$ cat my_file.cif   # mmCIF, C-alpha atoms
data_query
loop_
_atom_site.label_atom_id
_atom_site.label_comp_id
_atom_site.auth_asym_id
_atom_site.auth_seq_id
_atom_site.Cartn_x
_atom_site.Cartn_y
_atom_site.Cartn_z
CA MET G 1 -20.27 21.61 -35.52
CA GLU G 2 -17.14 22.24 -37.61
CA HIS G 3 -14.92 20.97 -34.82
CA MET G 4 -16.38 17.50 -34.53
CA VAL G 5 -13.79 14.80 -33.91
CA ASP G 6 -13.48 11.96 -36.39
CA LEU G 7 -13.13 8.93 -34.08
CA ASP G 8 -11.67 6.74 -36.85
CA GLU G 9 -8.99 9.33 -37.43
CA VAL G 10 -8.24 9.46 -33.70
CA ASP G 11 -7.99 5.67 -33.57
CA ASP G 12 -5.61 5.64 -36.51
CA GLU G 13 -3.40 8.23 -34.88
CA ALA G 14 -3.47 6.40 -31.54
CA SER G 15 -2.36 3.18 -33.21
CA THR G 16 0.70 4.93 -34.63
CA ILE G 17 1.89 6.16 -31.20
CA VAL G 18 5.09 4.32 -30.35
CA ALA G 19 5.59 3.16 -26.76
CA SER G 20 8.71 4.41 -25.01
CA PRO G 21 11.64 2.15 -25.97
CA GLN G 22 12.32 -0.72 -23.57
CA ARG G 23 15.60 -2.48 -23.09
CA THR G 24 17.54 -4.84 -20.84
CA GLY G 25 20.61 -3.43 -19.10
CA PHE G 26 22.31 -4.62 -15.93
CA LEU G 27 19.02 -4.35 -14.02
CA PRO G 28 17.26 -7.73 -13.81
CA ILE G 29 14.14 -6.51 -15.65
CA VAL G 30 13.23 -4.90 -18.94
CA THR G 31 12.96 -1.15 -18.32
CA ASN G 32 12.10 2.10 -20.05
CA TRP G 33 13.66 5.45 -19.12
CA PHE G 34 10.95 6.20 -16.53
CA ASP G 35 11.61 2.89 -14.70
CA ARG G 36 15.32 3.67 -14.58
CA VAL G 37 14.77 7.19 -13.23
CA PHE G 38 12.41 5.67 -10.65
CA VAL G 39 14.99 3.08 -9.54
CA GLY G 40 17.68 5.76 -9.54
CA ILE G 41 15.65 7.98 -7.19
CA TYR G 42 14.85 5.00 -4.93
CA LEU G 43 18.48 4.09 -4.59
CA PHE G 44 19.49 7.74 -4.15
CA VAL G 45 17.16 8.08 -1.14
CA ALA G 46 18.10 4.66 0.29
CA LEU G 47 21.82 5.44 0.03
CA GLU G 48 21.40 8.86 1.65
CA LEU G 49 19.45 7.40 4.59
CA PHE G 50 21.91 4.53 5.03
CA TRP G 51 24.82 6.99 4.95
CA MET G 52 23.22 9.26 7.55
CA ARG G 53 22.62 6.31 9.85
CA PHE G 54 25.93 4.48 9.62
CA LEU G 55 28.68 6.46 7.85
CA GLU G 56 28.13 10.17 8.33
CA GLN G 57 30.18 10.28 11.55
CA SER G 58 33.29 9.31 9.61
CA ILE G 59 32.62 10.31 5.98
CA PRO G 60 30.79 13.57 5.08
CA LEU G 61 27.38 13.38 3.41
CA SER G 62 28.61 15.26 0.33
CA VAL G 63 30.56 12.11 -0.65
CA CYS G 64 27.25 10.24 -0.57
CA HIS G 65 25.63 12.91 -2.76
CA VAL G 66 28.32 12.40 -5.41
CA LEU G 67 28.12 8.61 -5.23
CA ALA G 68 24.33 8.61 -5.34
CA ILE G 69 24.25 10.92 -8.36
CA VAL G 70 26.86 8.79 -10.18
CA LEU G 71 24.85 5.67 -9.37
CA GLY G 72 21.64 7.35 -10.59
CA VAL G 73 23.26 8.40 -13.87
CA LEU G 74 24.70 4.89 -14.33
CA ILE G 75 21.29 3.31 -13.80
CA VAL G 76 19.54 5.68 -16.22
CA TRP G 77 22.32 5.25 -18.78
CA ARG G 78 23.15 1.55 -18.52
CA GLY G 79 20.44 0.03 -16.35
CA MET X 1 -2.65 17.78 -33.87
CA ARG X 2 -6.34 18.51 -33.46
CA SER X 3 -7.04 15.11 -31.89
CA ASN X 4 -4.08 15.67 -29.56
CA ARG X 5 -5.62 18.94 -28.41
CA VAL X 6 -8.97 17.24 -27.82
CA GLY X 7 -7.21 14.50 -25.87
CA TRP X 8 -5.47 16.98 -23.61
CA LEU X 9 -8.70 18.92 -23.19
CA MET X 10 -10.49 15.77 -22.05
CA LEU X 11 -7.66 14.93 -19.67
CA ALA X 12 -7.49 18.47 -18.29
CA PRO X 13 -10.05 18.08 -15.45
CA THR X 14 -8.35 14.91 -14.21
CA ILE X 15 -4.90 16.47 -14.42
CA ALA X 16 -6.13 19.60 -12.64
CA ILE X 17 -7.71 17.59 -9.81
CA LEU X 18 -4.66 15.33 -9.53
CA GLY X 19 -2.43 18.40 -9.45
CA ILE X 20 -4.46 20.30 -6.85
CA PHE X 21 -5.20 17.39 -4.52
CA GLY X 22 -2.20 15.14 -5.17
CA ILE X 23 0.90 16.77 -6.52
CA VAL X 24 0.73 20.22 -4.89
CA PRO X 25 0.20 18.82 -1.34
CA PHE X 26 2.98 16.29 -1.95
CA LEU X 27 5.39 19.05 -3.02
CA TYR X 28 4.36 21.13 -0.01
CA VAL X 29 4.96 18.22 2.38
CA LEU X 30 8.33 17.67 0.72
CA TYR X 31 9.13 21.37 1.22
CA VAL X 32 8.06 21.29 4.89
CA ALA X 33 10.13 18.13 5.44
CA PHE X 34 13.29 20.18 4.98
CA HIS X 35 12.25 22.72 7.61
CA GLN X 36 11.91 22.90 11.33
CA TRP X 37 8.35 24.06 11.89
CA ASN X 38 6.37 23.99 15.08
CA PRO X 39 3.77 26.77 14.84
CA PHE X 40 2.92 26.43 18.53
CA GLY X 41 6.54 26.27 19.70
CA ALA X 42 8.88 29.03 20.91
CA ASN X 43 9.68 29.95 17.30
CA PRO X 44 6.56 29.51 15.18
CA HIS X 45 8.33 30.30 11.88
CA MET X 46 9.52 27.79 9.33
CA ILE X 47 13.30 27.45 9.49
CA TYR X 48 15.24 25.60 6.80
CA ASN X 49 17.29 22.84 8.40
CA GLY X 50 18.48 20.81 5.42
CA ALA X 51 18.26 17.06 5.96
CA ASP X 52 18.15 17.30 9.78
CA ASN X 53 14.63 15.87 9.99
CA PHE X 54 15.71 12.82 7.99
CA ARG X 55 18.89 12.53 10.07
CA ARG X 56 16.75 12.53 13.21
CA LEU X 57 14.47 9.96 11.60
CA VAL X 58 17.11 7.31 10.98
CA PHE X 59 18.09 7.43 14.66
CA ASP X 60 14.52 7.49 15.97
CA ASN X 61 14.01 4.10 17.61
CA GLU X 62 10.27 4.62 18.00
CA PHE X 63 9.97 5.23 14.26
CA LEU X 64 12.14 2.23 13.35
CA THR X 65 10.15 0.02 15.72
CA SER X 66 6.89 1.25 14.25
CA ILE X 67 8.14 0.32 10.75
CA ALA X 68 8.74 -3.24 11.96
CA PHE X 69 5.32 -3.42 13.62
CA THR X 70 3.59 -1.99 10.55
CA LEU X 71 5.27 -4.45 8.18
CA LYS X 72 4.29 -7.32 10.46
CA PHE X 73 0.73 -6.02 10.65
CA ALA X 74 0.50 -5.51 6.88
CA PHE X 75 1.90 -8.97 6.15
CA PHE X 76 -0.48 -10.87 8.44
CA ALA X 77 -3.51 -8.77 7.51
CA VAL X 78 -3.04 -8.79 3.73
CA VAL X 79 -2.10 -12.48 3.45
CA SER X 80 -5.04 -13.53 5.63
CA GLU X 81 -7.45 -11.29 3.74
CA VAL X 82 -6.40 -12.61 0.34
CA ILE X 83 -6.64 -16.27 1.39
CA LEU X 84 -9.92 -15.82 3.24
CA GLY X 85 -11.30 -13.55 0.50
CA TYR X 86 -10.51 -16.15 -2.16
CA LEU X 87 -12.14 -18.96 -0.17
CA LEU X 88 -15.26 -16.87 0.38
CA ALA X 89 -15.36 -15.88 -3.30
CA GLN X 90 -15.23 -19.57 -4.21
CA LEU X 91 -18.03 -20.22 -1.72
CA PHE X 92 -20.19 -17.51 -3.29
CA MET X 93 -19.64 -19.08 -6.72
CA ARG X 94 -21.67 -22.08 -5.55
CA GLU X 95 -25.43 -22.27 -5.17
CA PHE X 96 -26.70 -22.68 -1.61
CA PRO X 97 -29.81 -21.55 0.28
CA GLY X 98 -29.54 -17.97 1.59
CA ARG X 99 -26.54 -17.13 -0.58
CA GLY X 100 -27.82 -13.62 -1.41
CA LEU X 101 -28.53 -12.82 2.24
CA PHE X 102 -25.16 -14.17 3.37
CA ARG X 103 -23.38 -12.17 0.65
CA THR X 104 -25.15 -8.98 1.76
CA ILE X 105 -24.33 -9.52 5.42
CA HIS X 106 -20.76 -10.38 4.53
CA THR X 107 -20.40 -7.09 2.62
CA LEU X 108 -21.80 -4.91 5.42
CA PRO X 109 -18.45 -4.21 7.20
CA LEU X 110 -17.29 -2.39 4.07
CA ILE X 111 -19.82 0.40 4.53
CA VAL X 112 -18.89 1.03 8.17
CA ALA X 113 -16.46 3.89 8.76
CA PRO X 114 -13.08 2.75 10.16
CA ILE X 115 -13.48 4.92 13.27
CA VAL X 116 -16.79 3.18 14.02
CA VAL X 117 -15.22 -0.24 13.44
CA GLY X 118 -12.53 0.70 15.96
CA SER X 119 -15.14 1.87 18.49
CA VAL X 120 -17.23 -1.28 18.14
CA TRP X 121 -14.21 -3.53 18.56
CA ARG X 122 -13.09 -1.45 21.52
CA LEU X 123 -16.47 -2.03 23.18
CA MET X 124 -16.38 -5.72 22.33
CA THR X 125 -12.90 -6.20 23.80
CA THR X 126 -13.03 -4.00 26.89
CA PRO X 127 -12.58 -6.22 29.98
CA SER X 128 -15.65 -6.37 32.24
CA ILE X 129 -18.11 -5.09 29.59
CA GLY X 130 -16.95 -6.62 26.31
CA ILE X 131 -18.45 -9.80 24.93
CA ILE X 132 -15.16 -11.24 23.66
CA PRO X 133 -13.33 -11.23 27.04
CA TYR X 134 -16.52 -12.57 28.65
CA LEU X 135 -16.84 -15.50 26.22
CA LEU X 136 -13.12 -16.29 26.30
CA LYS X 137 -13.23 -16.31 30.11
CA SER X 138 -16.33 -18.48 30.39
CA TRP X 139 -15.42 -20.93 27.61
CA PHE X 140 -11.64 -21.25 27.88
CA GLY X 141 -10.79 -19.54 31.16
CA TYR X 142 -8.63 -17.08 29.17
CA ASP X 143 -8.31 -13.59 30.59
CA LEU X 144 -8.20 -11.19 27.63
CA ASN X 145 -6.90 -7.73 28.41
CA ILE X 146 -5.51 -5.84 25.42
CA GLY X 147 -4.44 -3.01 27.69
CA ARG X 148 -1.83 -5.37 29.19
CA ASP X 149 -1.16 -8.08 26.63
CA ALA X 150 0.86 -6.71 23.69
CA THR X 151 0.59 -9.90 21.59
CA MET X 152 -3.19 -10.03 21.94
CA ALA X 153 -3.46 -6.31 21.16
CA PHE X 154 -1.48 -6.85 17.97
CA ALA X 155 -3.50 -9.94 17.05
CA LEU X 156 -6.77 -8.09 17.61
CA THR X 157 -5.75 -5.21 15.34
CA VAL X 158 -5.02 -7.79 12.63
CA ILE X 159 -8.32 -9.61 13.22
CA MET X 160 -10.22 -6.32 13.16
CA ASP X 161 -8.59 -5.37 9.85
CA ILE X 162 -9.41 -8.80 8.42
CA TRP X 163 -13.01 -8.46 9.55
CA HIS X 164 -13.30 -5.03 7.98
CA TRP X 165 -11.53 -5.55 4.65
CA THR X 166 -11.93 -9.20 3.66
CA PRO X 167 -15.28 -8.40 1.95
CA LEU X 168 -13.45 -6.05 -0.42
CA VAL X 169 -11.08 -8.85 -1.42
CA THR X 170 -14.01 -11.26 -1.75
CA LEU X 171 -15.95 -8.92 -4.02
CA THR X 172 -12.93 -8.23 -6.24
CA LEU X 173 -12.01 -11.90 -6.57
CA LEU X 174 -15.65 -12.89 -7.03
CA ALA X 175 -15.92 -10.44 -9.94
CA ALA X 176 -12.75 -11.95 -11.40
CA LEU X 177 -13.97 -15.54 -10.95
CA VAL X 178 -17.39 -14.82 -12.44
CA SER X 179 -15.83 -13.28 -15.55
CA LEU X 180 -13.61 -16.31 -16.28
CA PRO X 181 -14.45 -18.33 -19.42
CA LYS X 182 -15.59 -21.92 -18.87
CA GLU X 183 -13.59 -23.52 -21.70
CA PRO X 184 -10.18 -23.73 -19.98
CA PHE X 185 -11.76 -25.45 -16.96
CA GLU X 186 -13.65 -27.93 -19.13
CA GLN X 187 -10.47 -28.60 -21.09
CA ALA X 188 -8.52 -29.18 -17.88
CA GLN X 189 -11.18 -31.59 -16.60
CA ILE X 190 -11.12 -33.51 -19.89
CA ASP X 191 -7.34 -33.72 -19.56
CA GLY X 192 -7.81 -35.31 -16.14
CA ALA X 193 -6.54 -32.44 -13.96
CA ASN X 194 -7.46 -32.63 -10.28
CA ARG X 195 -8.84 -29.70 -8.23
CA TRP X 196 -5.45 -28.52 -7.06
CA GLN X 197 -4.00 -28.63 -10.59
CA ILE X 198 -6.96 -26.69 -11.95
CA PHE X 199 -6.54 -24.10 -9.22
CA TRP X 200 -2.76 -23.78 -9.67
CA HIS X 201 -2.50 -23.95 -13.47
CA VAL X 202 -5.81 -22.46 -14.62
CA THR X 203 -7.63 -20.37 -12.01
CA LEU X 204 -4.66 -18.67 -10.36
CA PRO X 205 -2.95 -17.47 -13.57
CA MET X 206 -6.26 -16.16 -14.89
CA ILE X 207 -7.19 -14.17 -11.79
CA ARG X 208 -3.61 -13.02 -11.11
CA PRO X 209 -4.25 -9.40 -12.24
CA ALA X 210 -7.22 -9.13 -9.86
CA ILE X 211 -5.22 -10.63 -6.99
CA LEU X 212 -2.34 -8.25 -7.65
CA ALA X 213 -4.59 -5.19 -7.80
CA THR X 214 -6.24 -6.25 -4.53
CA VAL X 215 -2.92 -6.91 -2.83
CA PHE X 216 -1.61 -3.49 -3.89
CA ILE X 217 -4.73 -1.71 -2.62
CA ARG X 218 -4.78 -3.60 0.66
CA LEU X 219 -1.04 -3.24 1.20
CA MET X 220 -1.18 0.52 0.73
CA ASP X 221 -4.19 0.73 3.04
CA ALA X 222 -2.58 -1.45 5.71
CA LEU X 223 0.58 0.64 5.69
CA ARG X 224 -1.36 3.81 6.44
CA THR X 225 -3.93 2.48 8.89
CA VAL X 226 -4.71 4.93 11.70
CA ASP X 227 -8.26 5.38 12.90
CA GLU X 228 -9.28 1.78 13.61
CA VAL X 229 -6.14 1.08 15.61
CA TRP X 230 -6.31 4.46 17.31
CA MET X 231 -9.80 3.65 18.58
CA LEU X 232 -9.02 0.06 19.56
CA THR X 233 -5.67 0.31 21.30
CA GLY X 234 -4.48 3.91 20.99
CA GLY X 235 -1.13 2.46 19.86
CA GLY X 236 -0.59 0.52 23.08
CA PRO X 237 0.13 -1.25 25.28
CA GLY X 238 3.45 0.57 25.23
CA ALA X 239 4.18 0.91 21.53
CA ALA X 240 3.03 -2.59 20.53
CA THR X 241 0.44 -1.35 18.02
CA ARG X 242 1.93 2.04 17.25
CA TYR X 243 1.89 1.66 13.48
CA LEU X 244 3.36 4.24 11.11
CA GLY X 245 0.14 6.17 10.55
CA LEU X 246 -0.40 6.46 14.27
CA HIS X 247 3.23 7.45 14.81
CA ILE X 248 2.89 10.28 12.29
CA TRP X 249 -0.40 11.35 13.82
CA LYS X 250 1.24 11.63 17.24
CA ILE X 251 4.11 13.70 15.86
CA VAL X 252 1.91 16.04 13.84
CA PHE X 253 -1.10 16.61 16.11
CA PRO X 254 -0.25 16.28 19.81
CA LYS X 255 3.37 17.42 19.32
CA THR X 256 2.65 19.80 16.37
CA ASP X 257 6.10 19.04 14.96
CA TYR X 258 5.13 19.59 11.34
CA GLY X 259 8.61 19.45 9.84
CA TYR X 260 9.53 16.11 11.38
CA GLY X 261 6.04 14.74 10.74
CA SER X 262 6.36 15.68 7.05
CA ALA X 263 9.74 13.96 6.80
CA THR X 264 8.24 10.84 8.37
CA SER X 265 5.32 10.95 5.93
CA ILE X 266 7.68 11.22 2.97
CA ILE X 267 9.63 8.18 4.15
CA VAL X 268 6.42 6.20 4.64
CA LEU X 269 5.36 7.11 1.09
CA TYR X 270 8.82 6.06 -0.08
CA LEU X 271 8.56 2.69 1.71
CA THR X 272 5.09 2.07 0.30
CA LEU X 273 6.24 2.81 -3.25
CA VAL X 274 9.33 0.64 -2.85
CA MET X 275 7.30 -2.29 -1.54
CA CYS X 276 4.68 -2.02 -4.27
CA TRP X 277 7.34 -1.68 -6.95
CA LEU X 278 9.29 -4.69 -5.65
CA LEU X 279 6.09 -6.71 -5.53
CA TYR X 280 5.29 -5.63 -9.08
CA VAL X 281 8.76 -6.58 -10.29
CA ALA X 282 8.69 -9.92 -8.49
CA LEU X 283 5.20 -10.92 -9.61
CA VAL X 284 4.66 -9.19 -12.96
CA ALA X 285 7.72 -7.75 -14.68
CA ARG X 286 10.03 -10.73 -14.29
CA ARG X 287 7.29 -13.17 -15.25
CA ASP X 288 6.37 -11.17 -18.37
CA GLN X 289 10.04 -11.07 -19.26
CA LYS X 290 10.31 -14.87 -19.10
CA ARG X 291 7.23 -15.36 -21.28
CA PRO X 292 8.22 -16.06 -24.89
CA SER X 293 7.02 -13.33 -27.26
#

$ encode --input "my_file.cif" --output "structure tokens"
Amino acid sequence: MEHMVDLDEVDDEASTIVASPQRTGFLPIVTNWFDRVFVGIYLFVALELFWMRFLEQSIPLSVCHVLAIVLGVLIVWRG
Amino acid sequence: MRSNRVGWLMLAPTIAILGIFGIVPFLYVLYVAFHQWNPFGANPHMIYNGADNFRRLVFDNEFLTSIAFTLKFAFFAVVSEVILGYLLAQLFMREFPGRGLFRTIHTLPLIVAPIVVGSVWRLMTTPSIGIIPYLLKSWFGYDLNIGRDATMAFALTVIMDIWHWTPLVTLTLLAALVSLPKEPFEQAQIDGANRWQIFWHVTLPMIRPAILATVFIRLMDALRTVDEVWMLTGGGPGAATRYLGLHIWKIVFPKTDYGYGSATSIIVLYLTLVMCWLLYVALVARRDQKRPS
């Protein structure tokens, strides 16, 4: 019985938890870091698929990797 | 710290189940997607082939066509279900004789397994024995044959989905409507608002979370529909109703091309997430952003 949880104490602690910081960057919505990583991964995949379909015959896919990673970093950093 | 430990302990079963049944299979499918693997082929071993499966995917016309068909199917089915579900929910808000019985009958399709729904609709639409072709022929002189008519086959898959899943939308929206407070409606009536204004400015904003949740659930379901359509049309005629779920099924089971099938599944998951996220941004995030704090 020594390890009973004091619910009031738990509530107090829960109320002090700070939500992950949100901000507005160049993306058209308010985002937190998870949203930006999410958008970065989306665009990474979309760019890779688009490149494979239309550009890979003339420009190697490694160029796309670099561009997609730069874009992802930019979105997480400034998005 | 102690309460943190208790919190994690309480979450542990959920996290374990999510990990075992959600995350581990996803990671395995992702792993297989980068391999060529046909266990019943000449070489049954898994061979790493980089992004070749995805490269093959973006040039696969059958896959690209099935995306278009699936999006069309999902759009017509989900929009119809939400509109019809809302109207029925409004109907069930009113008192009329036999309301309880009608509500029970209306909910029955929900408890029928999709494969059974497909079988029943198949029987009802088979030329020469089905009741629907018979009635259409005798009443309108229309010769329904979904084995030949691609448009009708598509329309019937949508109608079947509406028949099966509208009760879910009705129940969700009914729950939302029942839980609404009366004061805003009374206030709007005092202010002289008409029915349309009350619907647009009071009801709709208040049940928006329920509508959104329903749309997300139905959209995700519609994008992965397999068994009903498989029973009704088998993906035909031609590839007119070969939706994404059916396309993946054909790659994975009859062709046993697990690597390519996994890559296709990953892209379908990707498309579903993108669509839901875009919908969320368009309907929730941007609106919340505009709202003054």

$ resolve_selection --input "my_file.cif" --expression "the PyMOL selection byres ((chain X) within 12 of (chain G))" --output "JSON, numbers by chain"
{"X": [1, 2, 3, 4, 5, 6, 7, 50, 51, 52, 53, 54, 55, 56, 57, 58, 59, 60, 61, 64, 263, 266, 267, 269, 270, 271, 272, 273, 274, 275, 277, 278, 280, 281, 282, 283, 284, 285, 286, 287, 288, 289, 290]}

$ resolve_selection --input "my_file.cif" --expression "the PyMOL selection byres ((chain X and resi 78) around 9)" --output "PyMOL selection string"
chain X and resi 73-77+79-83+161-162+166+215+218-219+222

$ residues_around --input "my_file.cif" --residues "segment 110-117 of chain X" --least-positions-apart "6" --cutoff "7 Å" --atoms "all atoms listed in the file" --output "PyMOL selection string"
chain X and resi 164-165+167-168+227-228+231

$ residues_around --input "my_file.cif" --residues "Pro127 of chain X" --least-positions-apart "4" --cutoff "9 Å" --atoms "all atoms listed in the file" --output "ChimeraX atom specification"
/X:123,131-134,143-146

$ residues_around --input "my_file.cif" --residues "Thr170 of chain X" --least-positions-apart "6" --cutoff "9 Å" --atoms "all atoms listed in the file" --output "PyMOL selection string"
chain X and resi 81-82+84-90+92+107

$ atom_distance --input "my_file.cif" --atom1 "atom CA of Ala68 of chain X" --atom2 "atom CA of Pro25 of chain X"
27.1 Å

$ resolve_selection --input "my_file.cif" --expression "the PyMOL selection byres ((chain X and resi 45) around 12)" --output "PyMOL selection string"
chain X and resi 32+35-44+46-48+257-259

$ closest_residue --input "my_file.cif" --among "G:Val76, G:Ile59, G:Leu47, G:Val66" --to "Phe34 of chain G" --atoms "all atoms listed in the file"
G:Val76

$ atom_distance --input "my_file.cif" --atom1 "atom CA of Trp163 of chain X" --atom2 "atom CA of Phe102 of chain X"
14.8 Å

$ atom_distance --input "my_file.cif" --atom1 "atom CA of Lys72 of chain X" --atom2 "atom CA of Met160 of chain X"
14.8 Å

$ residues_around --input "my_file.cif" --residues "Gly79 of chain G" --least-positions-apart "6" --cutoff "6 Å" --atoms "only C-alpha atoms" --output "NGL selection string"
:G and (25-27)

$ axis_aligned_box --input "my_file.cif" --around "segment 48-66 of chain G" --padding-each-side "4 Å" --output "AutoDock Vina command-line options"
--center_x 26.4 --center_y 9.9 --center_z 3.1 --size_x 21.8 --size_y 18.8 --size_z 25.0

$ residues_around --input "my_file.cif" --residues "Ile207 of chain X" --least-positions-apart "2" --cutoff "10 Å" --atoms "all atoms listed in the file" --output "list in words"
Thr172, Leu173, Leu174, Ala175, Ala176, Leu177, Ser179, Leu180, Val202, Thr203, Leu204, Pro205, Pro209, Ala210, Ile211 and Leu212 of chain X

$ closest_residue --input "my_file.cif" --among "X:Arg94, X:Arg224, X:His201, X:Arg99" --to "Leu246 of chain X" --atoms "all atoms listed in the file"
X:Arg224

$ closest_residue --input "my_file.cif" --among "X:Leu136, X:Ile251, X:Leu279, X:Val24" --to "Met124 of chain X" --atoms "all atoms listed in the file"
X:Leu136
